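J.: This is the structure I have questions about; it appears just below.
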Amino acid sequence: MQASLRTRMEGILSKYFSGESMDYRQIFALFLPILIDQAFIVGLNLLNTAMISSSGVAAVSAVNMVDSLNIFLISVFVAVATGGTVVVAQYKGSGNDLMVSRASAGTITAVALIALGIGLLIMGLHNPLLNLLFGSASADVMDNAKIYLIGSSASYVGIAIVSAVCAALRGVGKTRASLALSLIMNLLYVVLNVVFINFLHMGVPGMTLAINIARYAGAVCALFYLFRMEATLHLHLRDLVHFPLSMLRKIMFIGIPFAAEQMFFNGGKILTQVFIVSLGTYAIATNAIGASLAGVIQIPAAALSLTVVTVVGQCIGRGNIADARKFMKSFLWLGSASLALTGLILMPFFRPLVGLFDPPAEIVDDIFLLLLINTIIQVPLWSISFILPSALRAAGDSRFTSVTSMLTMWLFRVVFGYVLGITLGFGILGVWVAMNCEWGVRGAIFLWRFRGKKWYAHRLI
């Protein structure tokens with residue numbers, strides 16, 4: 001019985017997740033470390049939000065406000081790192097080890113320099129920036145927000161180095177090493193938060209100190225691993241300074257459109273956050289807690305979205321379009337199935353999960369309604385809206401995916417969100433429904449693109 005079931009399962013996996021470029025064992029060897037990494041990142045962020053909640057609604061609101069800005073800024077250099085993953089993966093697929101090494105060096109240098117520039121700019125302009133975006137927030141929320149924004153921007157170079165090293169490692173399929181580096185940084189962050197927030201009661205300043213120590217310790221570990229322990233990439237310190245500009249152009253061919261997309265996309269999120277701030281502190285907390293819980297349900301799908309970049313990138317590097325198309329379809333179905341499964345498992349545990357945040361009783365029902373609607377709608381829409389563009393980008397189709405994401409974000413999530421949430425008075429629920437509608441429109445456009453031939457017509461290497 002067990003042997004028959006195992007044979008049937010292997011047959012299914014071989015049919016949908018094996019091809020000439022790689023088989024299902026290689027794909028799941030890539031996926032599982034990324035899944036664990038995503039689970040730890042989301043789980044630890046959930047725990048961190050819960051810990052800062054003990055410092056009051058003003059603290060959690062300030063952290064949520066600034067984190068929306070942090071996500072916007074960090075996404076710029078993470079987008080460039082993703083460009084590096086695509087280039088590294090395609091060179092790995094083509095078998096060119098020398099160019100794999102040069103692409104990795106170029107990724108790390110470019111990402112670190114961009115992060116340094118952004119961090120210095122934000123530290124210098126933190127006051128006018130916060131007043132412009134969140135000037136309607138209460139005084140205690142703004143005081144905490146200033147501390148957290150300055151501290152967060154000081155840590156950008158640390159997380160940039162870790163992100164770039166992990167991006168290069170994912171490109172060559174070294175997802176276990178990427179997982180280890182991510183866990184070192186994030187576990188240290190949580191441990192320090194426990195010490196500074198729970199034991200020393202330092203609140204937001206303690207969280208700021210923890211994030212800097214954790215990210216720079218992670219960067220030191222990432223560079224040590226890269227130069228002393230990683231034999232595949234053959235990197236030395238001098239390689240980070242001397243790399244060909246032609247390689248930088250290849251990385252930026254993917255990275256710049258994606259960075260622009262992320263700026264517009266997350267800029268729209270910030271504008272949406274401005275709407276939410278105008279609805280009051282309870283609305284900010286409702287959005288923060290709801291988004292944290294939604295992130296837990298999306299963990300497996302988010303891991304698939306990262307894995308598909310390496311899989312499709314290596315297929316395109318080998319020139320095997322049939323494998324790339326097959327794997328993209330399989331990842332889309334698996335993503336939707338994972339969202340349905342995690343939703344069914346976690347929604348019955350809503351009360352104990354939301355209890356981690358100790359929210360005011362008045363907003364618990366609102367959080368449940370947001371999460372329920374989002375959990376149902378994301379099953380058919382999330383994969384085509386997030387996994388599919390990751391795959392298209394891995395094939396070199398970065399410009400189309402970026403323009404599409406920017407336009408749908410601003411036309412639907414921002415404009416429609418304002419109409420539903422503010423003009424028509426649906427509040428935070430209207431903002432979330434507009435977000436779900438944007439997923440559907442964006443996903444439909446990407447499906448149309450995938451059915452054609454232009455997405456794999458680009459020549460990156």
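Chain labels follow the order of the structure tokens: the first chain is A, the next B, and so on; residue numbering restarts at 1 in every chain, and ligands are counted from 1 in their shown order.
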Report as a count of residues only all protein, DNA and RNA residues lying within 8 Å of Ser75 of chain A, evaluated on only C-alpha atoms, omitting residues in the same chain fewer than 2 positions from it.

T.: 9

J.: Which polymer residues have any atom within 12 Å of an atom of Lys92 of chain A, counting only C-alpha atoms, with same-chain residues fewer than 6 positions away left out, as a PDB file with N, CA and C atoms, in the first residue's frame?

T.:
ATOM      1  N   SER A  21      15.876  20.142 -17.798  1.00  0.00           N
ATOM      2  CA  SER A  21      16.753  21.076 -17.090  1.00  0.00           C
ATOM      3  C   SER A  21      17.024  20.639 -15.662  1.00  0.00           C
ATOM      4  N   GLY A  84      20.453  40.416  -9.810  1.00  0.00           N
ATOM      5  CA  GLY A  84      21.649  39.579  -9.698  1.00  0.00           C
ATOM      6  C   GLY A  84      21.325  38.109  -9.671  1.00  0.00           C
ATOM      7  N   THR A  85      20.250  37.729  -8.962  1.00  0.00           N
ATOM      8  CA  THR A  85      19.841  36.320  -8.921  1.00  0.00           C
ATOM      9  C   THR A  85      19.538  35.802 -10.319  1.00  0.00           C
ATOM     10  N   VAL A  86      18.814  36.601 -11.104  1.00  0.00           N
ATOM     11  CA  VAL A  86      18.442  36.188 -12.468  1.00  0.00           C
ATOM     12  C   VAL A  86      19.690  35.994 -13.327  1.00  0.00           C
ATOM     13  N   LEU A  98      32.919  31.358 -14.700  1.00  0.00           N
ATOM     14  CA  LEU A  98      33.614  32.632 -14.539  1.00  0.00           C
ATOM     15  C   LEU A  98      32.619  33.787 -14.447  1.00  0.00           C
ATOM     16  N   MET A  99      31.620  33.764 -15.329  1.00  0.00           N
ATOM     17  CA  MET A  99      30.635  34.838 -15.334  1.00  0.00           C
ATOM     18  C   MET A  99      29.683  34.739 -14.137  1.00  0.00           C
ATOM     19  N   VAL A 100      29.489  33.545 -13.626  1.00  0.00           N
ATOM     20  CA  VAL A 100      28.720  33.389 -12.383  1.00  0.00           C
ATOM     21  C   VAL A 100      29.404  34.146 -11.260  1.00  0.00           C
ATOM     22  N   SER A 101      30.734  33.993 -11.172  1.00  0.00           N
ATOM     23  CA  SER A 101      31.502  34.670 -10.139  1.00  0.00           C
ATOM     24  C   SER A 101      31.443  36.183 -10.305  1.00  0.00           C
ATOM     25  N   ARG A 102      31.599  36.677 -11.520  1.00  0.00           N
ATOM     26  CA  ARG A 102      31.576  38.118 -11.763  1.00  0.00           C
ATOM     27  C   ARG A 102      30.187  38.710 -11.507  1.00  0.00           C
ATOM     28  N   ALA A 103      29.162  37.970 -11.870  1.00  0.00           N
ATOM     29  CA  ALA A 103      27.803  38.445 -11.622  1.00  0.00           C
ATOM     30  C   ALA A 103      27.529  38.538 -10.129  1.00  0.00           C
ATOM     31  N   SER A 104      28.031  37.595  -9.357  1.00  0.00           N
ATOM     32  CA  SER A 104      27.849  37.612  -7.906  1.00  0.00           C
ATOM     33  C   SER A 104      28.546  38.817  -7.283  1.00  0.00           C
ATOM     34  N   ALA A 168      22.846  35.933  -4.613  1.00  0.00           N
ATOM     35  CA  ALA A 168      23.835  35.220  -5.433  1.00  0.00           C
ATOM     36  C   ALA A 168      23.814  33.719  -5.146  1.00  0.00           C
ATOM     37  N   LEU A 169      23.695  33.375  -3.873  1.00  0.00           N
ATOM     38  CA  LEU A 169      23.660  31.958  -3.505  1.00  0.00           C
ATOM     39  C   LEU A 169      22.424  31.259  -4.050  1.00  0.00           C
ATOM     40  N   ARG A 170      21.267  31.948  -4.017  1.00  0.00           N
ATOM     41  CA  ARG A 170      20.055  31.351  -4.594  1.00  0.00           C
ATOM     42  C   ARG A 170      20.209  31.154  -6.089  1.00  0.00           C
ATOM     43  N   GLY A 171      20.918  32.071  -6.751  1.00  0.00           N
ATOM     44  CA  GLY A 171      21.113  31.946  -8.188  1.00  0.00           C
ATOM     45  C   GLY A 171      21.847  30.688  -8.593  1.00  0.00           C
ATOM     46  N   VAL A 172      22.787  30.234  -7.743  1.00  0.00           N
ATOM     47  CA  VAL A 172      23.525  28.999  -8.050  1.00  0.00           C
ATOM     48  C   VAL A 172      22.905  27.790  -7.360  1.00  0.00           C
ATOM     49  N   GLY A 173      21.768  28.002  -6.694  1.00  0.00           N
ATOM     50  CA  GLY A 173      21.068  26.880  -6.058  1.00  0.00           C
ATOM     51  C   GLY A 173      21.510  26.573  -4.654  1.00  0.00           C
ATOM     52  N   LYS A 174      22.320  27.449  -4.033  1.00  0.00           N
ATOM     53  CA  LYS A 174      22.811  27.220  -2.668  1.00  0.00           C
ATOM     54  C   LYS A 174      21.818  27.796  -1.651  1.00  0.00           C
ATOM     55  N   THR A 232      32.117  27.513  -4.600  1.00  0.00           N
ATOM     56  CA  THR A 232      31.492  27.559  -5.933  1.00  0.00           C
ATOM     57  C   THR A 232      31.711  28.896  -6.621  1.00  0.00           C
ATOM     58  N   LEU A 233      31.586  29.995  -5.883  1.00  0.00           N
ATOM     59  CA  LEU A 233      31.645  31.321  -6.493  1.00  0.00           C
ATOM     60  C   LEU A 233      33.069  31.837  -6.686  1.00  0.00           C
ATOM     61  N   THR A 310      15.024  31.071  -9.574  1.00  0.00           N
ATOM     62  CA  THR A 310      16.179  30.213  -9.860  1.00  0.00           C
ATOM     63  C   THR A 310      15.829  29.147 -10.888  1.00  0.00           C
ATOM     64  N   VAL A 311      14.655  28.517 -10.741  1.00  0.00           N
ATOM     65  CA  VAL A 311      14.256  27.424 -11.636  1.00  0.00           C
ATOM     66  C   VAL A 311      14.106  27.925 -13.065  1.00  0.00           C
ATOM     67  N   VAL A 312      13.320  28.977 -13.255  1.00  0.00           N
ATOM     68  CA  VAL A 312      13.093  29.490 -14.612  1.00  0.00           C
ATOM     69  C   VAL A 312      14.374  30.122 -15.171  1.00  0.00           C
ATOM     70  N   GLY A 313      15.133  30.823 -14.327  1.00  0.00           N
ATOM     71  CA  GLY A 313      16.384  31.423 -14.781  1.00  0.00           C
ATOM     72  C   GLY A 313      17.352  30.389 -15.340  1.00  0.00           C
ATOM     73  N   GLN A 314      17.487  29.257 -14.654  1.00  0.00           N
ATOM     74  CA  GLN A 314      18.398  28.207 -15.138  1.00  0.00           C
ATOM     75  C   GLN A 314      17.851  27.537 -16.398  1.00  0.00           C
ATOM     76  N   CYS A 315      16.532  27.382 -16.491  1.00  0.00           N
ATOM     77  CA  CYS A 315      15.931  26.819 -17.715  1.00  0.00           C
ATOM     78  C   CYS A 315      16.199  27.727 -18.915  1.00  0.00           C
ATOM     79  N   ILE A 316      16.017  29.035 -18.722  1.00  0.00           N
ATOM     80  CA  ILE A 316      16.252  29.986 -19.811  1.00  0.00           C
ATOM     81  C   ILE A 316      17.738  30.017 -20.166  1.00  0.00           C
ATOM     82  N   GLY A 317      18.609  29.921 -19.150  1.00  0.00           N
ATOM     83  CA  GLY A 317      20.039  29.873 -19.414  1.00  0.00           C
ATOM     84  C   GLY A 317      20.426  28.687 -20.278  1.00  0.00           C
ATOM     85  N   ARG A 318      19.717  27.571 -20.116  1.00  0.00           N
ATOM     86  CA  ARG A 318      19.952  26.383 -20.952  1.00  0.00           C
ATOM     87  C   ARG A 318      19.241  26.474 -22.300  1.00  0.00           C
ATOM     88  N   ILE A 461      22.017  37.035 -21.510  1.00  0.00           N
ATOM     89  CA  ILE A 461      23.431  36.605 -21.463  1.00  0.00           C
ATOM     90  C   ILE A 461      23.870  36.119 -22.832  1.00  0.00           C
TER      91      ILE A 461
END

J.: Need to verify the contact set: segment 331-346 of chain A, 9 Å, only C-alpha atoms, exclusion of same-chain residues closer than 4 positions in sequence. Can you return it as a PDB file with N, CA, C and O atoms, in the first residue's frame?

T.:
ATOM      1  N   PHE A  17       6.917  18.329 -12.160  1.00  0.00           N
ATOM      2  CA  PHE A  17       8.062  19.056 -11.617  1.00  0.00           C
ATOM      3  C   PHE A  17       9.404  18.473 -12.056  1.00  0.00           C
ATOM      4  O   PHE A  17      10.410  18.690 -11.393  1.00  0.00           O
ATOM      5  N   VAL A 296       1.550  35.215   7.339  1.00  0.00           N
ATOM      6  CA  VAL A 296       1.744  33.836   7.795  1.00  0.00           C
ATOM      7  C   VAL A 296       1.091  32.862   6.814  1.00  0.00           C
ATOM      8  O   VAL A 296       1.682  31.838   6.437  1.00  0.00           O
ATOM      9  N   ILE A 297      -0.121  33.171   6.369  1.00  0.00           N
ATOM     10  CA  ILE A 297      -0.837  32.296   5.435  1.00  0.00           C
ATOM     11  C   ILE A 297      -0.115  32.218   4.092  1.00  0.00           C
ATOM     12  O   ILE A 297      -0.148  31.190   3.412  1.00  0.00           O
ATOM     13  N   GLN A 298       0.585  33.274   3.730  1.00  0.00           N
ATOM     14  CA  GLN A 298       1.246  33.338   2.415  1.00  0.00           C
ATOM     15  C   GLN A 298       2.665  32.785   2.410  1.00  0.00           C
ATOM     16  O   GLN A 298       3.341  32.833   1.380  1.00  0.00           O
ATOM     17  N   ILE A 299       3.127  32.223   3.520  1.00  0.00           N
ATOM     18  CA  ILE A 299       4.518  31.765   3.607  1.00  0.00           C
ATOM     19  C   ILE A 299       4.897  30.783   2.492  1.00  0.00           C
ATOM     20  O   ILE A 299       5.888  31.004   1.770  1.00  0.00           O
ATOM     21  N   PRO A 300       4.165  29.660   2.299  1.00  0.00           N
ATOM     22  CA  PRO A 300       4.589  28.721   1.243  1.00  0.00           C
ATOM     23  C   PRO A 300       4.554  29.339  -0.146  1.00  0.00           C
ATOM     24  O   PRO A 300       5.452  29.101  -0.960  1.00  0.00           O
ATOM     25  N   ALA A 301       3.522  30.138  -0.432  1.00  0.00           N
ATOM     26  CA  ALA A 301       3.422  30.764  -1.750  1.00  0.00           C
ATOM     27  C   ALA A 301       4.559  31.756  -1.969  1.00  0.00           C
ATOM     28  O   ALA A 301       5.112  31.851  -3.077  1.00  0.00           O
ATOM     29  N   ALA A 302       4.923  32.505  -0.937  1.00  0.00           N
ATOM     30  CA  ALA A 302       6.042  33.445  -1.056  1.00  0.00           C
ATOM     31  C   ALA A 302       7.347  32.706  -1.315  1.00  0.00           C
ATOM     32  O   ALA A 302       8.209  33.170  -2.086  1.00  0.00           O
ATOM     33  N   LEU A 304       7.600  29.857  -2.924  1.00  0.00           N
ATOM     34  CA  LEU A 304       7.529  29.433  -4.323  1.00  0.00           C
ATOM     35  C   LEU A 304       7.884  30.585  -5.255  1.00  0.00           C
ATOM     36  O   LEU A 304       8.529  30.385  -6.289  1.00  0.00           O
ATOM     37  N   SER A 305       7.472  31.806  -4.888  1.00  0.00           N
ATOM     38  CA  SER A 305       7.761  32.978  -5.709  1.00  0.00           C
ATOM     39  C   SER A 305       9.263  33.237  -5.807  1.00  0.00           C
ATOM     40  O   SER A 305       9.761  33.680  -6.848  1.00  0.00           O
ATOM     41  N   VAL A 308      10.957  30.050  -7.919  1.00  0.00           N
ATOM     42  CA  VAL A 308      10.715  30.012  -9.364  1.00  0.00           C
ATOM     43  C   VAL A 308      11.718  30.873 -10.125  1.00  0.00           C
ATOM     44  O   VAL A 308      12.004  30.615 -11.299  1.00  0.00           O
ATOM     45  N   LYS A 326       6.544  24.770 -18.519  1.00  0.00           N
ATOM     46  CA  LYS A 326       5.960  23.682 -17.725  1.00  0.00           C
ATOM     47  C   LYS A 326       6.079  23.970 -16.234  1.00  0.00           C
ATOM     48  O   LYS A 326       5.104  23.830 -15.480  1.00  0.00           O
ATOM     49  N   PHE A 327       7.263  24.372 -15.802  1.00  0.00           N
ATOM     50  CA  PHE A 327       7.471  24.626 -14.376  1.00  0.00           C
ATOM     51  C   PHE A 327       6.651  25.827 -13.891  1.00  0.00           C
ATOM     52  O   PHE A 327       6.159  25.842 -12.768  1.00  0.00           O
ATOM     53  N   PHE A 350      -7.530  31.617  14.646  1.00  0.00           N
ATOM     54  CA  PHE A 350      -7.446  33.072  14.609  1.00  0.00           C
ATOM     55  C   PHE A 350      -7.346  33.682  16.009  1.00  0.00           C
ATOM     56  O   PHE A 350      -6.505  34.555  16.250  1.00  0.00           O
ATOM     57  N   LEU A 353      -3.945  33.289  17.647  1.00  0.00           N
ATOM     58  CA  LEU A 353      -2.939  34.019  16.877  1.00  0.00           C
ATOM     59  C   LEU A 353      -3.050  35.523  17.106  1.00  0.00           C
ATOM     60  O   LEU A 353      -2.053  36.203  17.352  1.00  0.00           O
ATOM     61  N   LEU A 372     -10.396  37.014   6.800  1.00  0.00           N
ATOM     62  CA  LEU A 372     -11.270  36.026   6.155  1.00  0.00           C
ATOM     63  C   LEU A 372     -11.453  36.331   4.677  1.00  0.00           C
ATOM     64  O   LEU A 372     -11.291  35.442   3.818  1.00  0.00           O
ATOM     65  N   THR A 375      -8.154  35.799   2.809  1.00  0.00           N
ATOM     66  CA  THR A 375      -7.788  34.382   2.692  1.00  0.00           C
ATOM     67  C   THR A 375      -8.548  33.700   1.565  1.00  0.00           C
ATOM     68  O   THR A 375      -7.989  32.874   0.828  1.00  0.00           O
ATOM     69  N   ILE A 376      -9.818  34.046   1.392  1.00  0.00           N
ATOM     70  CA  ILE A 376     -10.630  33.442   0.333  1.00  0.00           C
ATOM     71  C   ILE A 376     -10.196  33.951  -1.039  1.00  0.00           C
ATOM     72  O   ILE A 376     -10.003  33.169  -1.977  1.00  0.00           O
ATOM     73  N   GLN A 378      -7.372  35.335  -2.052  1.00  0.00           N
ATOM     74  CA  GLN A 378      -5.993  35.114  -2.493  1.00  0.00           C
ATOM     75  C   GLN A 378      -5.771  33.744  -3.134  1.00  0.00           C
ATOM     76  O   GLN A 378      -4.813  33.568  -3.886  1.00  0.00           O
ATOM     77  N   VAL A 379      -6.667  32.776  -2.870  1.00  0.00           N
ATOM     78  CA  VAL A 379      -6.463  31.429  -3.430  1.00  0.00           C
ATOM     79  C   VAL A 379      -6.399  31.453  -4.958  1.00  0.00           C
ATOM     80  O   VAL A 379      -5.448  30.920  -5.550  1.00  0.00           O
ATOM     81  N   PRO A 380      -7.365  32.082  -5.659  1.00  0.00           N
ATOM     82  CA  PRO A 380      -7.231  32.112  -7.125  1.00  0.00           C
ATOM     83  C   PRO A 380      -6.350  33.241  -7.660  1.00  0.00           C
ATOM     84  O   PRO A 380      -5.892  33.161  -8.803  1.00  0.00           O
ATOM     85  N   LEU A 381      -6.091  34.285  -6.868  1.00  0.00           N
ATOM     86  CA  LEU A 381      -5.474  35.492  -7.424  1.00  0.00           C
ATOM     87  C   LEU A 381      -4.015  35.726  -7.043  1.00  0.00           C
ATOM     88  O   LEU A 381      -3.273  36.348  -7.809  1.00  0.00           O
ATOM     89  N   TRP A 382      -3.571  35.266  -5.870  1.00  0.00           N
ATOM     90  CA  TRP A 382      -2.236  35.637  -5.410  1.00  0.00           C
ATOM     91  C   TRP A 382      -1.135  35.077  -6.299  1.00  0.00           C
ATOM     92  O   TRP A 382      -0.167  35.778  -6.633  1.00  0.00           O
ATOM     93  N   SER A 383      -1.250  33.828  -6.697  1.00  0.00           N
ATOM     94  CA  SER A 383      -0.188  33.181  -7.482  1.00  0.00           C
ATOM     95  C   SER A 383       0.036  33.858  -8.824  1.00  0.00           C
ATOM     96  O   SER A 383       1.177  34.106  -9.236  1.00  0.00           O
ATOM     97  N   ILE A 384      -1.056  34.169  -9.528  1.00  0.00           N
ATOM     98  CA  ILE A 384      -0.887  34.801 -10.844  1.00  0.00           C
ATOM     99  C   ILE A 384      -0.431  36.246 -10.709  1.00  0.00           C
ATOM    100  O   ILE A 384       0.115  36.823 -11.655  1.00  0.00           O
ATOM    101  N   ILE A 387       3.650  35.043  -8.130  1.00  0.00           N
ATOM    102  CA  ILE A 387       4.547  33.983  -8.603  1.00  0.00           C
ATOM    103  C   ILE A 387       4.814  34.135 -10.098  1.00  0.00           C
ATOM    104  O   ILE A 387       5.966  34.028 -10.559  1.00  0.00           O
ATOM    105  N   LEU A 388       3.769  34.401 -10.884  1.00  0.00           N
ATOM    106  CA  LEU A 388       3.929  34.506 -12.338  1.00  0.00           C
ATOM    107  C   LEU A 388       4.859  35.648 -12.751  1.00  0.00           C
ATOM    108  O   LEU A 388       5.752  35.433 -13.585  1.00  0.00           O
TER     109      LEU A 388
END

J.: Just want the 8 Å neighbourhood of Thr408 of chain A, counted on only C-alpha atoms, with same-chain residues fewer than 4 positions away dropped. Output as a PyMOL selection string.

T.: chain A and resi 404+412-413+438+441-442

J.: Please identify all polymer residues within 12 Å of Arg176 of chain A, counting only C-alpha atoms, omitting same-chain residues fewer than 3 positions from it, and present them as a PyMOL selection string.

T.: chain A and resi 28-37+166+169-170+172-173+179-183

J.: Show me, as a PyMOL selection string, the residues that have an atom within 8 Å of Ser385 of chain A when counting only C-alpha atoms, minus same-chain residues fewer than 4 positions from it.

T.: chain A and resi 381+389+439-440+442-444+446

J.: Just how far from atom CA of Leu407 of chain A is atom CA of Leu429 of chain A, in Å to one decimal?

T.: 22.2 Å

J.: Please determine, counting only C-alpha atoms, which residue among A:Asn144, A:Ser155, A:Gln90, A:Ser390 has the shortest atom-to-atom distance to Pro205 of chain A.

T.: A:Asn144

J.: Once DSSP has gone over the backbone, tell me which residues of segment 295-402 of chain A are in alpha helix (DSSP H), as a count of residues only.

T.: 88

J.: So that I can check the surroundings of Glu362 of chain A, please list as a short mmCIF file (atom, residue, chain, number, x, y, z; two decimals) with N, CA, C and O atoms, in the first residue's frame every protein, DNA and RNA residue that reaches within 12 Å of it, counting only C-alpha atoms and ignoring chain neighbours fewer than 6 positions away.

T.:
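The resulting file, result_18.cif, is shown below:
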data_model
loop_
_atom_site.label_atom_id
_atom_site.label_comp_id
_atom_site.auth_asym_id
_atom_site.auth_seq_id
_atom_site.Cartn_x
_atom_site.Cartn_y
_atom_site.Cartn_z
N TYR A 282 -6.37 53.15 15.85
CA TYR A 282 -6.93 51.80 15.83
C TYR A 282 -6.90 51.21 14.42
O TYR A 282 -6.67 50.00 14.24
N ALA A 283 -7.15 52.05 13.41
CA ALA A 283 -7.10 51.56 12.03
C ALA A 283 -5.67 51.15 11.65
O ALA A 283 -5.47 50.15 10.95
N ALA A 285 -3.38 50.01 13.72
CA ALA A 285 -3.12 48.75 14.41
C ALA A 285 -3.85 47.60 13.73
O ALA A 285 -3.30 46.49 13.59
N THR A 286 -5.09 47.83 13.28
CA THR A 286 -5.86 46.79 12.57
C THR A 286 -5.13 46.36 11.30
O THR A 286 -5.00 45.17 11.01
N PHE A 368 -10.54 40.01 12.00
CA PHE A 368 -11.03 38.72 11.51
C PHE A 368 -11.69 38.86 10.14
O PHE A 368 -11.46 38.04 9.24
#

J.: Please report the interatomic distance between atom CA of Leu113 of chain A and atom CA of Val157 of chain A in Å with one decimal.

T.: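 About the pair atom CA of Leu113 of chain A and atom CA of Val157 of chain A: they are 7.9 Å apart.
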
J.: In terms of the shortest atom-to-atom distance over only C-alpha atoms, which of A:Ala219, A:Thr82, A:Met207, A:Pro128 is closest to Gly151 of chain A?

T.: A:Met207

J.: From the list A:Glu261, A:Asp323, A:Glu230, A:Asp143, which residue is nearest Glu20 of chain A when using only C-alpha atoms?

T.: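 Looking only at the distances to Glu20 of chain A, the closest residue turns out to be A:Asp323.
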
J.: What is the distance between atom CA of Ser405 of chain A and atom CA of Phe265 of chain A, in Å to one decimal?

T.: 6.9 Å

J.: Counting only C-alpha atoms, which residue out of A:Ala177, A:Val354, A:Ala303, A:Ala210 sits closest to Tyr189 of chain A?

T.: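 Smallest separation from Tyr189 of chain A among the options: A:Ala210.
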
J.: Return the single residue from A:Met185, A:Met123, A:Ile197, A:Ile276 that is closest to Gly425 of chain A, with distances computed using only C-alpha atoms.

T.: A:Ile276
